[in-house]
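Some notes on the structure that comes next.
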Amino acid sequence: MKTYLGKMRGERLRRDTPDLGDAFWSWLGAVAGMGTVCWLSAHWLSQQLLIVASFGATSVLLYAAPESPFAQPRNVLLGSLLSAMAGVACFQLLGATTLAVTLAVSLSILLMQLTHSVHPPGAAAALIAVIGGPEITGLGWWYPLMPIGVGSAIMVVVAVLVNNLARHRRYPLHW
């Protein structure tokens with residue numbers, strides 16, 4: 001028991017001074033990625049929903065942690081799509097219930113792990129599919145494609161373009 005509880009202590013972490021240059025590139029990527037999705041949503045696809053909350057977390061991974069396995073294109077695209085599909089299936093079978101929420105998130109994690117495409121915001125996409133209200137649930141099986149698929153693809157393209165502008169960054173590390 002002592003060993004078990006000892007694991008919970010954690011250890012001291014020494015943090016270096018934040019790298020202002022790296023923070024700038026992260027900021028620029030987020031402005032470009034979310035700005036593109038928002039602009040397209042407002043001007044080109046004004047009749048379609050293109051912005052969902054999970055894109056905020058996707059932005060953090062793509063633009064502030066582009067070296068993370070969770071930020072690689074396969075993970076962003078496949079993980080988000082599979083999770084959104086799990087969420088839609090759970091909503092259609094069970095409605096906006098506690099069981100649907102529980103299964104949507106847990107099944108999305110299972111699917112992402114089995115396909116080597118873990119992308120934490122994908123679980124949020126599954127959750128949104130169940131509790132997102134009539135605007136989201138009304139999309140039905142279109143939800144994984146639009147907004148999740150199209151929005152994720154746009155953000156990945158922007159991540160490829162912006163992250164490679166910085167000399168010290170390389171994105172993607174793998175497809």
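In the structure tokens, the first chain shown is A, the next is B, and so on; residue numbers restart at 1 for each chain, and ligands run from 1 in the order shown.
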Point to revise | Who sits within 8 Å of Leu111 in chain A, only C-alpha atoms, same chain under 2 positions skipped, as a list of chain:residue names | key: A:Gly79, A:Leu82, A:Ser83, A:Leu107, A:Ser108, A:Ile109, A:Gln113, A:Leu114, A:Thr115
Point to revise | Picked from chain A by DSSP as alpha helix (DSSP H), as number ranges by chain | key: A: 2-6, 20-39, 54-59, 73-74, 80-94, 98-114, 120-131, 134-137, 150-163
Kindly export the residues of the current selection with C-alpha atoms, as an mmCIF file, in the first residue's frame.
data_model
loop_
_atom_site.group_PDB
_atom_site.id
_atom_site.type_symbol
_atom_site.label_atom_id
_atom_site.label_comp_id
_atom_site.auth_asym_id
_atom_site.auth_seq_id
_atom_site.Cartn_x
_atom_site.Cartn_y
_atom_site.Cartn_z
ATOM 1 C CA LYS A 2 2.874 2.360 0.819
ATOM 2 C CA THR A 3 4.347 1.861 -2.672
ATOM 3 C CA TYR A 4 0.964 2.501 -4.234
ATOM 4 C CA LEU A 5 0.420 5.733 -2.291
ATOM 5 C CA GLY A 6 4.032 6.789 -2.866
ATOM 6 C CA LEU A 20 9.270 33.278 -26.537
ATOM 7 C CA GLY A 21 10.041 32.284 -30.119
ATOM 8 C CA ASP A 22 8.356 28.927 -29.732
ATOM 9 C CA ALA A 23 5.381 30.560 -28.004
ATOM 10 C CA PHE A 24 5.094 32.972 -30.941
ATOM 11 C CA TRP A 25 4.966 30.102 -33.478
ATOM 12 C CA SER A 26 2.319 28.340 -31.386
ATOM 13 C CA TRP A 27 0.289 31.543 -31.245
ATOM 14 C CA LEU A 28 0.666 32.129 -34.984
ATOM 15 C CA GLY A 29 -0.428 28.570 -35.758
ATOM 16 C CA ALA A 30 -3.478 28.856 -33.527
ATOM 17 C CA VAL A 31 -4.431 32.213 -35.072
ATOM 18 C CA ALA A 32 -4.033 30.813 -38.579
ATOM 19 C CA GLY A 33 -5.733 27.462 -37.868
ATOM 20 C CA MET A 34 -8.702 28.657 -35.848
ATOM 21 C CA GLY A 35 -8.909 31.822 -37.927
ATOM 22 C CA THR A 36 -9.210 29.790 -41.118
ATOM 23 C CA VAL A 37 -11.876 27.514 -39.653
ATOM 24 C CA CYS A 38 -13.809 30.520 -38.299
ATOM 25 C CA TRP A 39 -13.519 32.489 -41.536
ATOM 26 C CA SER A 54 -12.850 20.094 -29.374
ATOM 27 C CA PHE A 55 -10.975 22.191 -31.966
ATOM 28 C CA GLY A 56 -9.608 24.335 -29.137
ATOM 29 C CA ALA A 57 -7.803 21.322 -27.687
ATOM 30 C CA THR A 58 -6.746 20.188 -31.163
ATOM 31 C CA SER A 59 -5.148 23.622 -31.624
ATOM 32 C CA PRO A 73 -2.091 13.852 -38.818
ATOM 33 C CA ARG A 74 -3.250 10.227 -38.569
ATOM 34 C CA SER A 80 -11.450 12.530 -34.458
ATOM 35 C CA LEU A 81 -13.503 10.789 -37.151
ATOM 36 C CA LEU A 82 -13.796 7.475 -35.301
ATOM 37 C CA SER A 83 -14.689 9.240 -32.073
ATOM 38 C CA ALA A 84 -17.342 11.371 -33.737
ATOM 39 C CA MET A 85 -18.830 8.252 -35.302
ATOM 40 C CA ALA A 86 -18.919 6.527 -31.913
ATOM 41 C CA GLY A 87 -20.668 9.549 -30.444
ATOM 42 C CA VAL A 88 -23.283 9.682 -33.192
ATOM 43 C CA ALA A 89 -23.962 5.940 -32.871
ATOM 44 C CA CYS A 90 -24.397 6.229 -29.100
ATOM 45 C CA PHE A 91 -26.745 9.194 -29.442
ATOM 46 C CA GLN A 92 -28.830 7.483 -32.107
ATOM 47 C CA LEU A 93 -29.148 4.301 -30.064
ATOM 48 C CA LEU A 94 -29.553 5.790 -26.585
ATOM 49 C CA THR A 98 -25.892 9.259 -19.145
ATOM 50 C CA LEU A 99 -25.262 5.845 -20.657
ATOM 51 C CA ALA A 100 -24.826 7.363 -24.124
ATOM 52 C CA VAL A 101 -22.281 9.876 -22.788
ATOM 53 C CA THR A 102 -20.391 7.159 -20.929
ATOM 54 C CA LEU A 103 -20.298 4.818 -23.916
ATOM 55 C CA ALA A 104 -19.458 7.550 -26.445
ATOM 56 C CA VAL A 105 -16.333 8.622 -24.574
ATOM 57 C CA SER A 106 -15.221 5.131 -23.561
ATOM 58 C CA LEU A 107 -15.831 3.631 -27.012
ATOM 59 C CA SER A 108 -13.956 6.489 -28.658
ATOM 60 C CA ILE A 109 -10.961 5.746 -26.446
ATOM 61 C CA LEU A 110 -11.177 2.040 -27.275
ATOM 62 C CA LEU A 111 -11.412 2.697 -31.033
ATOM 63 C CA MET A 112 -8.531 5.179 -30.997
ATOM 64 C CA GLN A 113 -6.302 2.781 -29.067
ATOM 65 C CA LEU A 114 -7.133 -0.169 -31.315
ATOM 66 C CA PRO A 120 -7.561 13.304 -26.809
ATOM 67 C CA PRO A 121 -9.847 15.942 -28.375
ATOM 68 C CA GLY A 122 -11.471 13.032 -30.227
ATOM 69 C CA ALA A 123 -13.138 11.962 -26.979
ATOM 70 C CA ALA A 124 -14.519 15.503 -26.729
ATOM 71 C CA ALA A 125 -15.885 15.163 -30.277
ATOM 72 C CA ALA A 126 -17.682 11.976 -29.165
ATOM 73 C CA LEU A 127 -19.075 13.744 -26.111
ATOM 74 C CA ILE A 128 -20.236 16.722 -28.184
ATOM 75 C CA ALA A 129 -22.076 14.340 -30.543
ATOM 76 C CA VAL A 130 -24.237 13.254 -27.603
ATOM 77 C CA ILE A 131 -24.696 16.458 -25.577
ATOM 78 C CA PRO A 134 -30.190 19.998 -31.562
ATOM 79 C CA GLU A 135 -27.744 21.840 -33.807
ATOM 80 C CA ILE A 136 -25.216 19.004 -33.438
ATOM 81 C CA THR A 137 -27.494 16.005 -33.029
ATOM 82 C CA VAL A 150 -13.348 19.062 -42.626
ATOM 83 C CA GLY A 151 -12.343 21.193 -39.640
ATOM 84 C CA SER A 152 -9.643 18.736 -38.564
ATOM 85 C CA ALA A 153 -8.255 18.524 -42.110
ATOM 86 C CA ILE A 154 -8.066 22.314 -42.381
ATOM 87 C CA MET A 155 -6.235 22.551 -39.072
ATOM 88 C CA VAL A 156 -3.751 19.825 -40.085
ATOM 89 C CA VAL A 157 -2.999 21.612 -43.377
ATOM 90 C CA VAL A 158 -2.391 24.865 -41.495
ATOM 91 C CA ALA A 159 -0.172 22.995 -38.986
ATOM 92 C CA VAL A 160 1.945 21.596 -41.844
ATOM 93 C CA LEU A 161 2.328 25.067 -43.371
ATOM 94 C CA VAL A 162 2.945 27.106 -40.204
ATOM 95 C CA ASN A 163 4.983 24.680 -38.076
#
Study note, to complete from the structure: Of A:Glu11, A:Tyr63, A:Ala71, A:Thr17, the one nearest to Leu165 in chain A when counting only C-alpha atoms is A:Tyr63
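Counting only C-alpha atoms and comparing A:Leu13, A:Ala96, A:Asp19, A:Pro147, the residue that lies closest to Leu40 in chain A is A:Pro147.
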Point to revise | Option closest in space to Pro144 in chain A, from A:Ala42, A:Met8, A:Leu78, A:Ala53 [counting only C-alpha atoms] | key: A:Leu78
Exercise for review: Please provide the set of residues having any atom within 10 Å of Glu67 in chain A, restricted to only C-alpha atoms, with same-chain residues fewer than 2 positions apart removed, written as an MDAnalysis selection string.
Suggested key: chainID A and resid 61:65 69:72 169:174
Could you save those same residues with N, CA and C atoms as a compact mmCIF listing (two decimals), in the first residue's frame?
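The file below, again_33.txt, is the result:
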# COMPACT_ATOMS: atom_id res chain seq x y z
N LEU A 61 -2.59 20.97 -29.32
CA LEU A 61 -1.70 19.89 -29.75
C LEU A 61 -0.99 20.22 -31.05
N LEU A 62 -1.72 20.68 -32.05
CA LEU A 62 -1.12 20.94 -33.37
C LEU A 62 -0.11 22.07 -33.37
N TYR A 63 -0.39 23.12 -32.61
CA TYR A 63 0.44 24.32 -32.72
C TYR A 63 1.38 24.53 -31.54
N ALA A 64 1.06 23.99 -30.34
CA ALA A 64 1.95 24.15 -29.19
C ALA A 64 2.75 22.89 -28.89
N ALA A 65 2.29 21.73 -29.38
CA ALA A 65 3.00 20.47 -29.14
C ALA A 65 3.01 19.62 -30.41
N PRO A 69 2.82 12.65 -30.19
CA PRO A 69 2.17 11.60 -31.00
C PRO A 69 0.68 11.90 -31.22
N PHE A 70 0.05 12.56 -30.25
CA PHE A 70 -1.36 12.88 -30.35
C PHE A 70 -1.66 13.96 -31.39
N ALA A 71 -0.62 14.69 -31.82
CA ALA A 71 -0.79 15.77 -32.78
C ALA A 71 -0.50 15.37 -34.22
N GLN A 72 -0.09 14.14 -34.45
CA GLN A 72 0.26 13.71 -35.80
C GLN A 72 -1.01 13.56 -36.65
N ARG A 169 11.24 23.63 -35.84
CA ARG A 169 10.06 22.76 -35.84
C ARG A 169 10.00 21.91 -37.10
N ARG A 170 9.41 20.75 -36.94
CA ARG A 170 9.17 19.86 -38.08
C ARG A 170 7.83 19.20 -37.84
N TYR A 171 6.93 19.36 -38.79
CA TYR A 171 5.62 18.73 -38.68
C TYR A 171 5.15 18.31 -40.06
N PRO A 172 4.66 17.10 -40.18
CA PRO A 172 4.50 16.08 -39.16
C PRO A 172 5.77 15.27 -38.97
N LEU A 173 5.82 14.55 -37.87
CA LEU A 173 6.93 13.63 -37.65
C LEU A 173 6.68 12.33 -38.41
N HIS A 174 5.41 12.00 -38.58
CA HIS A 174 5.00 10.84 -39.39
C HIS A 174 3.54 11.01 -39.77
Practice item. Quote the spacing between CA of Trp141 in chain A and CA of Asn75 in chain A in Å to one decimal place. Key: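 Separation of CA of Trp141 in chain A and CA of Asn75 in chain A: 20.4 Å.
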Exercise for review: Give me, please, the distance in Å between CA of Arg167 in chain A and CA of Val60 in chain A, quoted to one decimal.
Suggested key: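 Going from CA of Arg167 in chain A over to CA of Val60 in chain A covers 19.6 Å.
Between CA of Ser117 in chain A and CA of Leu145 in chain A the interatomic distance comes to 17.0 Å.
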Review point. Between A:Arg12, A:His43, A:Pro66, A:Leu49, which one has atoms that come closest to Gly149 in chain A, using only C-alpha atoms?
Key: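 Distance minimum relative to Gly149 in chain A lands on A:Leu49.
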